[in-house]
Amino acid sequence: MTDPTPLTAAHIEKLLEAWFEVEFTFLHVDEIAASVATLSRDEQNFLLDWIQRVATTHIQIAYQFALRAPNLLAHMERRVIEAWALYAMDAYDRAGISPAVRVIKDVEHFSRLSHERTAGVVFEDVSGVMLNFVHGLSGRRLKLEQDEAIFTDSETLFLPAVIARMQKAEDNFILCKAMVTMMWAQTRFGSFRAHLSELFSGYEDTERALKHFHTLETLRLEACIARELPGLYREMQRLRAELQECLPDTWLPFARELGRPDATVDDSVRLLAEAYAAPTPPDICYQGELRPEVVEARMAARMNREKILLRVKLAQLEQEIKKHRLQESHDKPAQFGLTEKSEAESGLTALELTLDGAPIAPPEDVRQLLSSIQLDLGEIPPEYLVAAGPGEYDPRLYEEKTADPDDVWQGTYHEEGAFLYPEWDYGRQHYRKNWCVMREKDVLPVHDGFRETTLGKYGGLVKHLRKTFEAMRDENRLLKRQVYGDNVDIDALVEALADARDGSEMSDRLFMRMHRTERNIAVMFMVDMSGSTRGWINDAERESLILLSEALETLGDRYAIYGFSGTTRKRCELFRIKRFDEPYNEEVKARISGIRPQEYTRMGFAIRHLTSVLNDVEARTKLLITLSDGKPDDYHDNYRTQYGIEDTRKALQEAQRSGIHPFCITLDEKARDYLPHLYGAVNYTVIDEVSKLPFKVADIYRRLTT
Amino acid sequence: MEPHSVTTEEHFILDQPYYEPVGKEIEIFEAAYHNKLPVLLKGPTGCGKTRFMEYMAWRLKRPLITVSCHDDLTASDLVGRFLVKGGETIWVDGPLARAVRAGGICYLDEIVEARKDTMVVIHPLADDRRALPMEKLGTLLEANDEFCLAISYNPGYQSVLKDLKQSTRQRFVALEFDYPAADLERKIVAKESGVAPEVAEKLVKFAKMTRNLKGSGLEEGASTRLLVHAAKLIASRIEPVVACQSAIAQAITDDAEMLAAVHELSSSLF
């Protein structure tokens, strides 16, 4: 039980002074302390907890937060206050201090304050459901992201961090759903097929033209939604009625005209000439914003790429199909075509891909491309259906850039094409989004006969390992005396009959059955390649990996080896030594030999990435084994403090939750202080002598998997 | 209906099962049957493979012996085994052996689920030898002229372990099944459940939405079978959104977020 009496102002002041480091920052905390002191103990706990969390990110943000938060507690749900604080910290992570302070100061914008307590929906909470929802609706695979405003670039839907227009949480959820559906409808029913910038530039007041056009389109799309999703439409009508939003009378004729089932974006364009003069209508709650320049930039990039990509895919498809139809002549070029299917969805004809007149079922990616092109153009022009010729295979034309990691590191846009991973900030008790910028690189192979040397050096051990691992392999065995089985167990039967003669009870275990346990293990070795492994630790690691690989080859378990290292969150690197689908060949052996110490030991990103790699493999048992020589650490960063340990622990928990068993083999003698906290009491081994590592690793693996 | 039990090889289908052909599958199956060729049915779950087999069994007037394969199904489960009875061992035919003797249609459902050794016994049956080796009896059972082997397989499972080997698949005449086109599916749902055509139309639309989610969180979209289930609930005056939730959403996923999303889709639609 916590003490229910509220803290005194003096007590609070002391806490705040410590968190805000007033000795150096000279911030005045007495007013904040006074206002917090008036709250109940429960409220105080809540606020102080968040002030402290924010303070671990930045003191200024925390100070600004503390100035405002006590007064908001009466109007806002705690959930919304949390979202507000987190959003400010995200803004800090992303763009620095001034945007973050802006978020804090702009709390009115963040959530419309009413006299009554609002129950907003928080983007983080609903984005998962909304994303699945919008994928379920047809069309392009849209993405969902958080932004200040509500708009779409035709590939991503942007939503604010909190939606709190309505009083009730359910209604805010529906409002959010309506916004998503409206933006989906813009892509689905061709709002962007008109050349919008061009259109608006023909008007004197482009802003006004944009605004009025947006309303016209909203009217048209509402009618589309009414036809396609009547259930949602009813709810949308209800929201508008509650907010007392109604259309000015002058707009009613437009609504009627655009409500016809055959109305297209061209009708909105045509009507704009007339509607431009009409009085500007009020915003509709789920309307959001229309940003034609963003959409056009996206579309320009997309359309050329998709055209050539489709043609290349069709060429691949053609080859594949031809392989199966050997009897047909090869010289005649195949003719792709499209036929309309009998079922026509409103506004978009269902198309079927044909090859030489016969319908074929295109693979999923081709289907996606076709529908994306159809959404942009309203149709698929015949020149799109010509399979790409030999000269057109240049991947630069259609692939989204995957540049060489080393080039990218040197450039300014070093986040391009990298994997972004979150990191757990224990002070904040929340993730830092997209915090680590990670790349996979290859280890430079070194062909120096390292494997042969190692095998020679550990000749006796190798023989022993082979034998023990071979014994593990054979696990099929005949189970005798079973109640049920494929064959009669004659021995058991004779015995049972004798028992029966004898007058004793006859056993019913008379069968035998072949018991097959298929070893179904995938194991990922995550090898520390930090600078501290320089010297004999590195040698021992490499030797262990060679011995282990030899043993695993005998056993037939699937395995992969990756090395990890990094310098700050902006430069996290994973080194591929052996992928799951690679055989243990000369190249891999040379890569093991080529493992060299790199930089620091940031671990969270490596665990997160390798977890996702491991989860792509289908296996009954999945192991993530870390080979390390010390605790998490990074360059000039608080990663070497509790922060790094907590992030690593969180990453391991995530791995465990997805069904992976983590295990750690370490050379750090102090590891007993922190490893139980990371891996649990039994999931680690400390090896106190480097030279023993090669002897131990394979043995530990054997114990783990039997 | 009075419960009664018959042996599997006496199980003739007397009433015509409801089946709507999608393409030329009936003609192809018949031609394969008369030429003594085994048939492989490919397609996602609940799209009508089993119903098609019932229909063909009725049409060809042969008993249908269906074996649903599972990962513990061994060759002995198909061919037969010795049992002990009164101190003696007696041989009992498995379903496949019974079908071979009686000249029935043996339908091995989801064949990839079975253990690999089952393939060995169906191989000689599936080529022109048409014989079932009964290893434990040391005999070879030659198939009756009327016997037909059909297997089904869902290529949607993207597991290497559950792929059909070339040596197996190249013995069969393959028929590909998919969910029927919207018009046809509407007709099937309406006919099977007795709901109004508008309801059937919305259900089909809903199914299409869930099929859009395949690959991004759902393993499979709603099958025709599930649509019929939901439609039957609606016909018994269950609210459409509730019916979709219980008959479809809960059946295709356990994931809370996905359930919520599917629920939002159905409540938008009805």
# chains A, B, ... in the order shown; residues from 1 in each chain; ligands from 1
call {"tool": "interface_residues", "arguments": {"of": "chain A", "to": "chain B", "cutoff": "6 Å", "atoms": "only C-alpha atoms", "output": "ChimeraX atom specification"}}
result
/A:129,132-133,135-137,229-232,486
call {"tool": "write_last_selection", "arguments": {"atoms": "C-alpha atoms", "output": "CSV table (one decimal), in the first residue's frame"}}
result
chain,number,residue,atom,x,y,z
A,129,VAL,CA,-6.2,-2.3,-36.0
A,132,ASN,CA,-5.4,-4.3,-40.9
A,133,PHE,CA,-8.7,-2.6,-41.6
A,135,HIS,CA,-5.6,-3.6,-45.9
A,136,GLY,CA,-8.8,-5.4,-45.8
A,137,LEU,CA,-10.4,-2.8,-48.0
A,229,LEU,CA,-19.6,0.4,-46.6
A,230,PRO,CA,-23.2,1.3,-45.6
A,231,GLY,CA,-22.5,0.4,-41.9
A,232,LEU,CA,-19.7,2.9,-41.6
A,486,ASP,CA,2.2,-50.6,-36.7
call {"tool": "select_by_dssp", "arguments": {"residues": "segment 22-133 of chain B", "states": "strand (DSSP E)", "output": "list in words"}}
result
Val39, Leu40, Leu41, Lys42, Leu64, Ile65, Thr66, Val67, Ser68, Gly80, Arg81, Phe82, Leu83, Val84, Lys85, Glu88, Thr89, Ile90, Trp91, Val92, Asp93, Ile105, Cys106, Tyr107, Leu108, Asp109, Ala131, Leu132 and Pro133 of chain B
call {"tool": "residues_around", "arguments": {"residues": "segment 142-152 of chain B", "least_positions_apart": "3", "cutoff": "7 Å", "atoms": "only C-alpha atoms", "output": "ChimeraX atom specification"}}
result
/B:33,36,38-42,99-111,130-132
call {"tool": "residues_around", "arguments": {"residues": "Ala231 of chain B", "least_positions_apart": "5", "cutoff": "12 Å", "atoms": "only C-alpha atoms", "output": "VMD selection string"}}
result
chain B and resid 186 to 204 206 to 207 224 to 226 236 to 248
call {"tool": "write_last_selection", "arguments": {"atoms": "N, CA and C atoms", "output": "compact mmCIF listing (two decimals), in the first residue's frame"}}
result
# COMPACT_ATOMS: atom_id res chain seq x y z
N ARG B 186 -21.73 -15.94 -54.54
CA ARG B 186 -22.98 -15.39 -54.06
C ARG B 186 -24.09 -16.41 -54.17
N LYS B 187 -24.14 -17.03 -55.35
CA LYS B 187 -25.17 -18.01 -55.63
C LYS B 187 -25.05 -19.19 -54.65
N ILE B 188 -23.81 -19.64 -54.46
CA ILE B 188 -23.59 -20.78 -53.58
C ILE B 188 -24.02 -20.44 -52.15
N VAL B 189 -23.59 -19.27 -51.67
CA VAL B 189 -23.93 -18.89 -50.30
C VAL B 189 -25.44 -18.79 -50.13
N ALA B 190 -26.11 -18.17 -51.10
CA ALA B 190 -27.56 -18.01 -51.01
C ALA B 190 -28.25 -19.36 -51.02
N LYS B 191 -27.80 -20.23 -51.92
CA LYS B 191 -28.45 -21.53 -52.09
C LYS B 191 -28.23 -22.42 -50.86
N GLU B 192 -27.01 -22.43 -50.33
CA GLU B 192 -26.69 -23.31 -49.21
C GLU B 192 -27.36 -22.88 -47.92
N SER B 193 -27.57 -21.57 -47.77
CA SER B 193 -28.04 -21.10 -46.47
C SER B 193 -29.46 -20.56 -46.51
N GLY B 194 -29.91 -20.15 -47.67
CA GLY B 194 -31.24 -19.59 -47.76
C GLY B 194 -31.33 -18.12 -47.40
N VAL B 195 -30.20 -17.41 -47.36
CA VAL B 195 -30.30 -15.97 -47.09
C VAL B 195 -30.65 -15.23 -48.38
N ALA B 196 -31.08 -13.99 -48.20
CA ALA B 196 -31.44 -13.16 -49.35
C ALA B 196 -30.19 -12.85 -50.17
N PRO B 197 -30.34 -12.64 -51.47
CA PRO B 197 -29.18 -12.37 -52.32
C PRO B 197 -28.36 -11.16 -51.86
N GLU B 198 -29.02 -10.12 -51.30
CA GLU B 198 -28.25 -8.94 -50.88
C GLU B 198 -27.30 -9.31 -49.74
N VAL B 199 -27.80 -10.15 -48.83
CA VAL B 199 -26.95 -10.56 -47.71
C VAL B 199 -25.78 -11.37 -48.24
N ALA B 200 -26.09 -12.28 -49.15
CA ALA B 200 -25.03 -13.12 -49.72
C ALA B 200 -23.99 -12.24 -50.39
N GLU B 201 -24.46 -11.19 -51.06
CA GLU B 201 -23.53 -10.32 -51.76
C GLU B 201 -22.58 -9.63 -50.78
N LYS B 202 -23.17 -9.16 -49.67
CA LYS B 202 -22.32 -8.49 -48.69
C LYS B 202 -21.32 -9.46 -48.06
N LEU B 203 -21.78 -10.68 -47.83
CA LEU B 203 -20.88 -11.67 -47.25
C LEU B 203 -19.71 -11.94 -48.18
N VAL B 204 -20.02 -12.03 -49.46
CA VAL B 204 -18.96 -12.30 -50.43
C VAL B 204 -17.97 -11.14 -50.46
N PHE B 206 -17.37 -9.19 -47.98
CA PHE B 206 -16.62 -9.28 -46.72
C PHE B 206 -15.51 -10.32 -46.86
N ALA B 207 -15.84 -11.44 -47.50
CA ALA B 207 -14.82 -12.49 -47.69
C ALA B 207 -13.66 -11.93 -48.49
N THR B 224 -15.23 -20.16 -48.61
CA THR B 224 -16.64 -20.25 -48.97
C THR B 224 -17.41 -20.98 -47.87
N ARG B 225 -16.77 -21.99 -47.31
CA ARG B 225 -17.44 -22.74 -46.25
C ARG B 225 -17.81 -21.84 -45.07
N LEU B 226 -16.87 -20.96 -44.68
CA LEU B 226 -17.16 -20.06 -43.57
C LEU B 226 -18.29 -19.10 -43.92
N SER B 236 -30.80 -17.71 -39.40
CA SER B 236 -31.48 -18.00 -38.13
C SER B 236 -31.58 -16.75 -37.27
N ARG B 237 -31.62 -15.62 -37.94
CA ARG B 237 -31.85 -14.33 -37.31
C ARG B 237 -30.79 -13.92 -36.28
N ILE B 238 -29.55 -14.22 -36.57
CA ILE B 238 -28.45 -13.65 -35.79
C ILE B 238 -28.05 -12.37 -36.52
N GLU B 239 -27.73 -11.33 -35.78
CA GLU B 239 -27.27 -10.08 -36.39
C GLU B 239 -26.09 -10.35 -37.33
N PRO B 240 -26.09 -9.75 -38.51
CA PRO B 240 -25.01 -10.05 -39.46
C PRO B 240 -23.61 -9.81 -38.90
N VAL B 241 -23.43 -8.69 -38.17
CA VAL B 241 -22.09 -8.39 -37.66
C VAL B 241 -21.66 -9.44 -36.65
N VAL B 242 -22.61 -9.86 -35.82
CA VAL B 242 -22.31 -10.89 -34.82
C VAL B 242 -22.00 -12.21 -35.52
N ALA B 243 -22.79 -12.52 -36.54
CA ALA B 243 -22.58 -13.77 -37.27
C ALA B 243 -21.21 -13.79 -37.92
N CYS B 244 -20.81 -12.66 -38.50
CA CYS B 244 -19.50 -12.59 -39.14
C CYS B 244 -18.41 -12.77 -38.10
N GLN B 245 -18.63 -12.16 -36.94
CA GLN B 245 -17.62 -12.26 -35.90
C GLN B 245 -17.45 -13.71 -35.45
N SER B 246 -18.57 -14.39 -35.18
CA SER B 246 -18.41 -15.74 -34.63
C SER B 246 -18.10 -16.78 -35.70
N ALA B 247 -18.73 -16.64 -36.85
CA ALA B 247 -18.54 -17.71 -37.84
C ALA B 247 -17.30 -17.49 -38.67
N ILE B 248 -16.89 -16.23 -38.84
CA ILE B 248 -15.76 -15.98 -39.74
C ILE B 248 -14.53 -15.48 -38.98
call {"tool": "atom_distance", "arguments": {"atom1": "atom CA of Leu652 of chain A", "atom2": "atom CA of Gly535 of chain A"}}
result
28.4 Å
call {"tool": "residues_around", "arguments": {"residues": "segment 636-645 of chain A", "least_positions_apart": "3", "cutoff": "8 Å", "atoms": "only C-alpha atoms", "output": "ChimeraX atom specification"}}
result
/A:425-427,568,602-604,631-633,648-649,674,678
call {"tool": "write_last_selection", "arguments": {"atoms": "N, CA and C atoms", "output": "compact mmCIF listing (two decimals), in the first residue's frame"}}
result
# COMPACT_ATOMS: atom_id res chain seq x y z
N ASP A 425 14.29 2.79 -23.68
CA ASP A 425 14.89 3.78 -22.79
C ASP A 425 14.29 3.55 -21.41
N TYR A 426 15.11 3.04 -20.51
CA TYR A 426 14.50 2.64 -19.23
C TYR A 426 14.14 3.84 -18.38
N GLY A 427 14.83 4.95 -18.61
CA GLY A 427 14.47 6.17 -17.88
C GLY A 427 13.10 6.64 -18.28
N THR A 568 27.85 4.16 -31.93
CA THR A 568 26.66 4.98 -31.73
C THR A 568 25.45 4.38 -32.43
N ARG A 602 27.10 -2.54 -28.90
CA ARG A 602 25.68 -2.20 -28.74
C ARG A 602 24.93 -3.47 -29.07
N MET A 603 24.04 -3.93 -28.20
CA MET A 603 23.49 -5.26 -28.40
C MET A 603 22.02 -5.30 -28.81
N GLY A 604 21.25 -4.31 -28.36
CA GLY A 604 19.80 -4.37 -28.57
C GLY A 604 19.42 -4.57 -30.03
N LYS A 631 29.92 -6.69 -21.16
CA LYS A 631 28.54 -6.22 -21.17
C LYS A 631 28.34 -5.18 -22.27
N PRO A 632 27.06 -4.87 -22.55
CA PRO A 632 26.77 -3.91 -23.60
C PRO A 632 27.50 -2.60 -23.38
N ASP A 633 27.93 -1.98 -24.46
CA ASP A 633 28.77 -0.79 -24.36
C ASP A 633 28.69 -0.05 -25.68
N THR A 648 19.12 -4.21 -23.67
CA THR A 648 19.45 -5.58 -24.06
C THR A 648 18.45 -6.56 -23.45
N ARG A 649 18.12 -6.30 -22.21
CA ARG A 649 17.16 -7.16 -21.51
C ARG A 649 15.81 -7.12 -22.22
N TYR A 674 25.53 -9.23 -14.00
CA TYR A 674 24.45 -8.70 -14.82
C TYR A 674 23.76 -9.73 -15.72
N LEU A 678 19.82 -10.37 -17.38
CA LEU A 678 19.53 -10.33 -18.82
C LEU A 678 18.91 -11.63 -19.31
call {"tool": "closest_residue", "arguments": {"among": "A:Ile577, A:Ile150, A:Ile61, A:Leu693", "to": "Glu543 of chain A", "atoms": "only C-alpha atoms"}}
result
A:Leu693
call {"tool": "closest_residue", "arguments": {"among": "A:Val107, A:Ile360, A:Val29, A:Met183", "to": "Ile225 of chain A", "atoms": "only C-alpha atoms"}}
result
A:Met183
call {"tool": "residues_around", "arguments": {"residues": "Thr533 of chain A", "least_positions_apart": "5", "cutoff": "9 Å", "atoms": "only C-alpha atoms", "output": "list in words"}}
result
Asp528, Asn538, Asp539, Glu541, Arg596, Pro597, Gln598, Ser628 and Asp629 of chain A
call {"tool": "select_by_dssp", "arguments": {"residues": "segment 34-232 of chain B", "states": "alpha helix (DSSP H)", "output": "ChimeraX atom specification"}}
result
/B:34,49-60,75-79,95-102,117-126,166-169,182-193,197-212,224-232
call {"tool": "write_last_selection", "arguments": {"atoms": "C-alpha atoms", "output": "PDB file, in the first residue's frame"}}
result
ATOM      1  CA  HIS B  34     -12.285 -43.537 -67.167  1.00  0.00           C
ATOM      2  CA  LYS B  49     -12.628 -29.739 -52.791  1.00  0.00           C
ATOM      3  CA  THR B  50     -14.351 -32.202 -50.515  1.00  0.00           C
ATOM      4  CA  ARG B  51     -17.765 -31.264 -51.838  1.00  0.00           C
ATOM      5  CA  PHE B  52     -16.491 -31.820 -55.348  1.00  0.00           C
ATOM      6  CA  MET B  53     -15.319 -35.308 -54.400  1.00  0.00           C
ATOM      7  CA  GLU B  54     -18.722 -36.119 -52.937  1.00  0.00           C
ATOM      8  CA  TYR B  55     -20.346 -34.863 -56.065  1.00  0.00           C
ATOM      9  CA  MET B  56     -18.095 -36.953 -58.302  1.00  0.00           C
ATOM     10  CA  ALA B  57     -18.642 -40.049 -56.146  1.00  0.00           C
ATOM     11  CA  TRP B  58     -22.377 -39.547 -56.550  1.00  0.00           C
ATOM     12  CA  ARG B  59     -22.042 -38.943 -60.258  1.00  0.00           C
ATOM     13  CA  LEU B  60     -19.822 -41.967 -60.866  1.00  0.00           C
ATOM     14  CA  ALA B  75       1.532 -46.324 -44.179  1.00  0.00           C
ATOM     15  CA  SER B  76       0.010 -48.980 -41.918  1.00  0.00           C
ATOM     16  CA  ASP B  77      -2.907 -46.694 -41.177  1.00  0.00           C
ATOM     17  CA  LEU B  78      -3.681 -46.735 -44.897  1.00  0.00           C
ATOM     18  CA  VAL B  79      -2.785 -50.286 -45.883  1.00  0.00           C
ATOM     19  CA  PRO B  95      -9.079 -47.718 -45.728  1.00  0.00           C
ATOM     20  CA  LEU B  96      -6.873 -47.567 -48.806  1.00  0.00           C
ATOM     21  CA  ALA B  97      -6.736 -51.335 -49.145  1.00  0.00           C
ATOM     22  CA  ARG B  98     -10.496 -51.516 -48.743  1.00  0.00           C
ATOM     23  CA  ALA B  99     -11.024 -48.933 -51.460  1.00  0.00           C
ATOM     24  CA  VAL B 100      -8.652 -50.809 -53.758  1.00  0.00           C
ATOM     25  CA  ARG B 101     -10.531 -54.075 -53.217  1.00  0.00           C
ATOM     26  CA  ALA B 102     -14.002 -52.616 -53.500  1.00  0.00           C
ATOM     27  CA  ASP B 117       6.411 -43.258 -45.829  1.00  0.00           C
ATOM     28  CA  THR B 118       2.783 -43.077 -46.944  1.00  0.00           C
ATOM     29  CA  MET B 119       3.949 -41.751 -50.289  1.00  0.00           C
ATOM     30  CA  VAL B 120       5.755 -44.997 -50.946  1.00  0.00           C
ATOM     31  CA  VAL B 121       2.534 -46.987 -50.822  1.00  0.00           C
ATOM     32  CA  ILE B 122       0.569 -44.658 -53.026  1.00  0.00           C
ATOM     33  CA  HIS B 123       3.195 -44.397 -55.748  1.00  0.00           C
ATOM     34  CA  PRO B 124       2.577 -47.832 -57.326  1.00  0.00           C
ATOM     35  CA  LEU B 125      -1.147 -47.190 -57.091  1.00  0.00           C
ATOM     36  CA  ALA B 126      -0.806 -43.882 -58.834  1.00  0.00           C
ATOM     37  CA  GLN B 166       7.964 -33.977 -57.790  1.00  0.00           C
ATOM     38  CA  SER B 167       7.983 -37.758 -57.972  1.00  0.00           C
ATOM     39  CA  THR B 168       4.583 -37.734 -56.324  1.00  0.00           C
ATOM     40  CA  ARG B 169       2.939 -34.804 -57.998  1.00  0.00           C
ATOM     41  CA  ALA B 182     -18.027 -13.429 -56.812  1.00  0.00           C
ATOM     42  CA  ASP B 183     -21.234 -14.136 -58.774  1.00  0.00           C
ATOM     43  CA  LEU B 184     -20.946 -17.834 -58.290  1.00  0.00           C
ATOM     44  CA  GLU B 185     -19.947 -17.559 -54.667  1.00  0.00           C
ATOM     45  CA  ARG B 186     -22.983 -15.386 -54.056  1.00  0.00           C
ATOM     46  CA  LYS B 187     -25.175 -18.012 -55.626  1.00  0.00           C
ATOM     47  CA  ILE B 188     -23.590 -20.783 -53.578  1.00  0.00           C
ATOM     48  CA  VAL B 189     -23.926 -18.890 -50.296  1.00  0.00           C
ATOM     49  CA  ALA B 190     -27.562 -18.011 -51.006  1.00  0.00           C
ATOM     50  CA  LYS B 191     -28.446 -21.531 -52.088  1.00  0.00           C
ATOM     51  CA  GLU B 192     -26.686 -23.314 -49.215  1.00  0.00           C
ATOM     52  CA  SER B 193     -28.038 -21.095 -46.474  1.00  0.00           C
ATOM     53  CA  PRO B 197     -29.184 -12.372 -52.323  1.00  0.00           C
ATOM     54  CA  GLU B 198     -28.247  -8.938 -50.880  1.00  0.00           C
ATOM     55  CA  VAL B 199     -26.954 -10.557 -47.713  1.00  0.00           C
ATOM     56  CA  ALA B 200     -25.032 -13.120 -49.718  1.00  0.00           C
ATOM     57  CA  GLU B 201     -23.533 -10.315 -51.763  1.00  0.00           C
ATOM     58  CA  LYS B 202     -22.317  -8.491 -48.686  1.00  0.00           C
ATOM     59  CA  LEU B 203     -20.878 -11.666 -47.248  1.00  0.00           C
ATOM     60  CA  VAL B 204     -18.959 -12.296 -50.428  1.00  0.00           C
ATOM     61  CA  LYS B 205     -17.652  -8.761 -50.311  1.00  0.00           C
ATOM     62  CA  PHE B 206     -16.621  -9.284 -46.721  1.00  0.00           C
ATOM     63  CA  ALA B 207     -14.824 -12.487 -47.687  1.00  0.00           C
ATOM     64  CA  LYS B 208     -12.923 -10.592 -50.323  1.00  0.00           C
ATOM     65  CA  MET B 209     -11.790  -8.090 -47.707  1.00  0.00           C
ATOM     66  CA  THR B 210     -10.448 -10.832 -45.477  1.00  0.00           C
ATOM     67  CA  ARG B 211      -8.723 -12.387 -48.503  1.00  0.00           C
ATOM     68  CA  ASN B 212      -7.024  -9.028 -49.070  1.00  0.00           C
ATOM     69  CA  THR B 224     -16.638 -20.251 -48.968  1.00  0.00           C
ATOM     70  CA  ARG B 225     -17.436 -22.743 -46.251  1.00  0.00           C
ATOM     71  CA  LEU B 226     -17.164 -20.059 -43.569  1.00  0.00           C
ATOM     72  CA  LEU B 227     -19.383 -17.766 -45.586  1.00  0.00           C
ATOM     73  CA  VAL B 228     -22.016 -20.457 -45.683  1.00  0.00           C
ATOM     74  CA  HIS B 229     -21.701 -20.867 -41.922  1.00  0.00           C
ATOM     75  CA  ALA B 230     -22.161 -17.150 -41.345  1.00  0.00           C
ATOM     76  CA  ALA B 231     -25.057 -17.039 -43.780  1.00  0.00           C
ATOM     77  CA  LYS B 232     -26.777 -19.884 -41.967  1.00  0.00           C
TER      78      LYS B 232
END
